[in-house]
Amino acid sequence: MKFRKVVTLAMAAVLGAALLTGCGSSTQDTQDNAAEGNTTASAESTVPTVTEGKLIMATNAYFPPYEYYEGSQIVGIDVEIAEAIGEKLGLEVEVQDMEFDSIITAVATGKADLGLAGMTVTPERRQNVNFSDTYATGIQSVIVKEDSDIQTIDDLQGKKIGVQLSTTGDIKASEDFGEENVEKFNKGNDAVLALTQDRVDAVIIDNQPALSFVASNDGLKILDTQYVEEEYAACIAKDNEELLDAVNGALAELKEDGTIQSILDKYLVAE
Ligand code: ARG
């Protein structure tokens with residue numbers, strides 16, 4: 001029995017090696033990077049991912065400017081950061097759109113390599129996934145109608161608050177104002193739609209999508225008072241420390257050479 005296991009493992013190793021050499025010649029990106037003198041080439045191909053040669057990014061693409069649809073394509077800050085990381089690691093990025101609520105499970109159960117979704121680092125989430133170093137900051141903002149009587153955070157007491165399910169806006173609003181006053185939507189857009197239709201009195205959501213939603217819907221404004229400050233990072237399965245280290249290494253280089261800042265500058269809207 002034991003012997004058979006060893007044989008199977010040995011065969012798997014041979015097969016794996018054959019596969020590796022097999023695709024070596026077809027990973028054009030990898031070769032291009034090496035040719036351009038990209039110094040992280042040594043990290044390539046040794047980083048374990050769900051699918052060989054790929055970096056599967058789980059996200060929820062209704063969170064502009066971090067991720068959103070442009071036609072049928074998902075674009076935004078997180079997509080560009082994933083692509084920059086993928087290029088450093090010699091991995092081809094595949095973006096998978098899902099409910100925000102499913103991202104951590106997808107990553108923790110090995111369906112995706114990393115979650116990049118303007119995701120805030122929280123101690124509760126850290127129980128299920130690892131977080132990379134942070135790459136951006138966010139603030140929970142409150143959107144109301146222009147003629148609303150809500151002027152401060154305290155005015156939210158007893159009002160109906162719309163949020164995106166399982167986001168930090170949801171968690172904080174439920175804690176501070178009571179679960180019964182919080183209406184949870186699968187997409188941030190749907191919460192904003194409910195506000196325009198007077199089904200909720202306010203929406204609590206991260207500041208950058210808030211700015212984008214207010215710009216694309218008439219009659220809305222953002223309260224001056226900021227609710228909570230947060231830090232965004234990529235989440236990665238706890239058992240894939242190699243990927244965590246590789247992503248952190250790539251992020252450090254991308255911060256150092258100004259790539260992250262230029263991606264942020266390209267998309268972030270001034271307050
Ligand atoms: N920063 C908030 C959180 O982590 C909201 C993120 C929502 N992201 C998205 N792609 N829909 O909970």
# chains A, B, ... in the order shown; residues from 1 in each chain; ligands from 1
$ residues_near_ligand --ligand "ligand 1" --cutoff "8 Å" --atoms "only C-alpha atoms and all ligand atoms" --output "count of residues only"
30
$ select_by_dssp --residues "region 84-162 of chain A" --states "strand (DSSP E or B)" --output "VMD selection string"
chain A and resid 92 to 97 114 to 115 120 129 to 145 161 to 162
$ write_last_selection --atoms "N, CA, C and O atoms" --output "mmCIF file, in the first residue's frame"
data_model
loop_
_atom_site.group_PDB
_atom_site.id
_atom_site.type_symbol
_atom_site.label_atom_id
_atom_site.label_comp_id
_atom_site.auth_asym_id
_atom_site.auth_seq_id
_atom_site.Cartn_x
_atom_site.Cartn_y
_atom_site.Cartn_z
ATOM 1 N N GLU A 92 -0.321 34.294 -15.882
ATOM 2 C CA GLU A 92 -1.333 34.976 -16.674
ATOM 3 C C GLU A 92 -2.581 35.189 -15.811
ATOM 4 O O GLU A 92 -3.107 34.240 -15.227
ATOM 5 N N VAL A 93 -3.040 36.428 -15.740
ATOM 6 C CA VAL A 93 -4.172 36.743 -14.858
ATOM 7 C C VAL A 93 -5.505 36.356 -15.490
ATOM 8 O O VAL A 93 -5.759 36.634 -16.661
ATOM 9 N N GLU A 94 -6.338 35.685 -14.704
ATOM 10 C CA GLU A 94 -7.711 35.397 -15.136
ATOM 11 C C GLU A 94 -8.627 35.991 -14.066
ATOM 12 O O GLU A 94 -8.497 35.663 -12.891
ATOM 13 N N VAL A 95 -9.529 36.883 -14.491
ATOM 14 C CA VAL A 95 -10.409 37.550 -13.528
ATOM 15 C C VAL A 95 -11.732 36.807 -13.434
ATOM 16 O O VAL A 95 -12.355 36.518 -14.448
ATOM 17 N N GLN A 96 -12.135 36.478 -12.230
ATOM 18 C CA GLN A 96 -13.439 35.824 -12.036
ATOM 19 C C GLN A 96 -14.342 36.721 -11.207
ATOM 20 O O GLN A 96 -14.008 37.077 -10.075
ATOM 21 N N ASP A 97 -15.490 37.075 -11.803
ATOM 22 C CA ASP A 97 -16.441 37.944 -11.125
ATOM 23 C C ASP A 97 -17.412 37.083 -10.321
ATOM 24 O O ASP A 97 -17.931 36.089 -10.815
ATOM 25 N N LEU A 114 -6.151 34.520 -5.574
ATOM 26 C CA LEU A 114 -6.204 35.671 -4.673
ATOM 27 C C LEU A 114 -7.484 36.455 -4.888
ATOM 28 O O LEU A 114 -8.081 36.402 -5.968
ATOM 29 N N GLY A 115 -7.915 37.098 -3.830
ATOM 30 C CA GLY A 115 -9.059 37.990 -3.919
ATOM 31 C C GLY A 115 -8.505 39.395 -3.991
ATOM 32 O O GLY A 115 -7.690 39.787 -3.154
ATOM 33 N N THR A 120 -11.052 45.224 2.414
ATOM 34 C CA THR A 120 -10.472 45.754 3.641
ATOM 35 C C THR A 120 -9.916 44.628 4.504
ATOM 36 O O THR A 120 -10.554 43.585 4.655
ATOM 37 N N VAL A 129 -8.355 33.748 5.842
ATOM 38 C CA VAL A 129 -7.380 33.950 4.753
ATOM 39 C C VAL A 129 -6.209 34.791 5.259
ATOM 40 O O VAL A 129 -6.321 35.454 6.286
ATOM 41 N N ASN A 130 -5.116 34.755 4.508
ATOM 42 C CA ASN A 130 -4.007 35.678 4.769
ATOM 43 C C ASN A 130 -4.230 36.933 3.941
ATOM 44 O O ASN A 130 -4.852 36.867 2.875
ATOM 45 N N PHE A 131 -3.699 38.036 4.416
ATOM 46 C CA PHE A 131 -3.726 39.264 3.620
ATOM 47 C C PHE A 131 -2.317 39.658 3.219
ATOM 48 O O PHE A 131 -1.383 39.516 4.018
ATOM 49 N N SER A 132 -2.190 40.162 2.000
ATOM 50 C CA SER A 132 -0.901 40.693 1.539
ATOM 51 C C SER A 132 -0.658 42.014 2.246
ATOM 52 O O SER A 132 -1.504 42.491 3.002
ATOM 53 N N ASP A 133 0.486 42.629 1.950
ATOM 54 C CA ASP A 133 0.706 43.997 2.416
ATOM 55 C C ASP A 133 -0.361 44.874 1.759
ATOM 56 O O ASP A 133 -0.874 44.528 0.692
ATOM 57 N N THR A 134 -0.664 45.998 2.383
ATOM 58 C CA THR A 134 -1.754 46.820 1.852
ATOM 59 C C THR A 134 -1.263 47.668 0.668
ATOM 60 O O THR A 134 -0.076 47.965 0.555
ATOM 61 N N TYR A 135 -2.177 48.002 -0.226
ATOM 62 C CA TYR A 135 -1.798 48.778 -1.414
ATOM 63 C C TYR A 135 -2.626 50.046 -1.589
ATOM 64 O O TYR A 135 -2.338 50.855 -2.475
ATOM 65 N N ALA A 136 -3.658 50.224 -0.779
ATOM 66 C CA ALA A 136 -4.474 51.438 -0.891
ATOM 67 C C ALA A 136 -5.278 51.619 0.397
ATOM 68 O O ALA A 136 -5.382 50.689 1.202
ATOM 69 N N THR A 137 -5.821 52.812 0.573
ATOM 70 C CA THR A 137 -6.682 53.041 1.732
ATOM 71 C C THR A 137 -8.084 53.406 1.258
ATOM 72 O O THR A 137 -8.260 53.906 0.146
ATOM 73 N N GLY A 138 -9.035 53.114 2.093
ATOM 74 C CA GLY A 138 -10.414 53.456 1.762
ATOM 75 C C GLY A 138 -11.067 54.089 2.980
ATOM 76 O O GLY A 138 -10.553 53.995 4.097
ATOM 77 N N ILE A 139 -12.177 54.747 2.732
ATOM 78 C CA ILE A 139 -12.937 55.356 3.824
ATOM 79 C C ILE A 139 -14.392 55.006 3.590
ATOM 80 O O ILE A 139 -14.859 55.040 2.444
ATOM 81 N N GLN A 140 -15.097 54.626 4.624
ATOM 82 C CA GLN A 140 -16.532 54.404 4.452
ATOM 83 C C GLN A 140 -17.225 55.763 4.391
ATOM 84 O O GLN A 140 -17.053 56.591 5.286
ATOM 85 N N SER A 141 -17.969 55.978 3.328
ATOM 86 C CA SER A 141 -18.685 57.239 3.140
ATOM 87 C C SER A 141 -20.186 56.993 3.237
ATOM 88 O O SER A 141 -20.645 55.871 3.057
ATOM 89 N N VAL A 142 -20.901 58.078 3.472
ATOM 90 C CA VAL A 142 -22.363 57.995 3.529
ATOM 91 C C VAL A 142 -22.931 58.784 2.354
ATOM 92 O O VAL A 142 -22.637 59.974 2.193
ATOM 93 N N ILE A 143 -23.726 58.105 1.530
ATOM 94 C CA ILE A 143 -24.401 58.794 0.417
ATOM 95 C C ILE A 143 -25.855 59.031 0.816
ATOM 96 O O ILE A 143 -26.515 58.122 1.345
ATOM 97 N N VAL A 144 -26.322 60.227 0.575
ATOM 98 C CA VAL A 144 -27.744 60.533 0.823
ATOM 99 C C VAL A 144 -28.284 61.305 -0.381
ATOM 100 O O VAL A 144 -27.512 61.740 -1.240
ATOM 101 N N LYS A 145 -29.603 61.519 -0.377
ATOM 102 C CA LYS A 145 -30.171 62.359 -1.434
ATOM 103 C C LYS A 145 -29.814 63.807 -1.129
ATOM 104 O O LYS A 145 -29.617 64.178 0.033
ATOM 105 N N ILE A 161 -30.625 52.040 6.187
ATOM 106 C CA ILE A 161 -29.310 52.197 5.563
ATOM 107 C C ILE A 161 -29.061 51.062 4.573
ATOM 108 O O ILE A 161 -29.174 49.889 4.925
ATOM 109 N N GLY A 162 -28.700 51.406 3.348
ATOM 110 C CA GLY A 162 -28.386 50.396 2.331
ATOM 111 C C GLY A 162 -26.885 50.127 2.293
ATOM 112 O O GLY A 162 -26.081 51.054 2.425
#
$ closest_residue --among "A:Gly158, A:Tyr68, A:Asp78, A:Thr225" --to "Ser212 (chain A)" --atoms "only C-alpha atoms"
A:Tyr68
$ closest_residue --among "A:Ala202, A:Ala112, A:Ala82, A:Met98" --to "Gln151 (chain A)" --atoms "only C-alpha atoms"
A:Ala202
$ closest_residue --among "A:Gln197, A:Ser72, A:Thr122, A:Thr109" --to "Asn240 (chain A)" --atoms "only C-alpha atoms"
A:Thr109
$ residues_around --residues "Asn189 (chain A)" --least-positions-apart "4" --cutoff "10 Å" --atoms "only C-alpha atoms" --output "number ranges by chain"
A: 62-64, 163-164, 185, 193-195, 209-210, 213
$ atom_distance --atom1 "CA of Lys221 (chain A)" --atom2 "CA of Glu80 (chain A)"
28.8 Å
$ atom_distance --atom1 "CA of Gly53 (chain A)" --atom2 "CA of Leu91 (chain A)"
5.0 Å
$ residues_around --residues "region 251-265 of chain A" --least-positions-apart "5" --cutoff "7 Å" --atoms "only C-alpha atoms" --output "number ranges by chain"
A: 77, 81, 85
$ write_last_selection --atoms "C-alpha atoms" --output "mmCIF file, in the first residue's frame"
data_model
loop_
_atom_site.group_PDB
_atom_site.id
_atom_site.type_symbol
_atom_site.label_atom_id
_atom_site.label_comp_id
_atom_site.auth_asym_id
_atom_site.auth_seq_id
_atom_site.Cartn_x
_atom_site.Cartn_y
_atom_site.Cartn_z
ATOM 1 C CA ILE A 77 -7.214 49.425 -10.275
ATOM 2 C CA ILE A 81 -2.431 45.595 -10.028
ATOM 3 C CA ILE A 85 1.880 41.185 -10.165
#
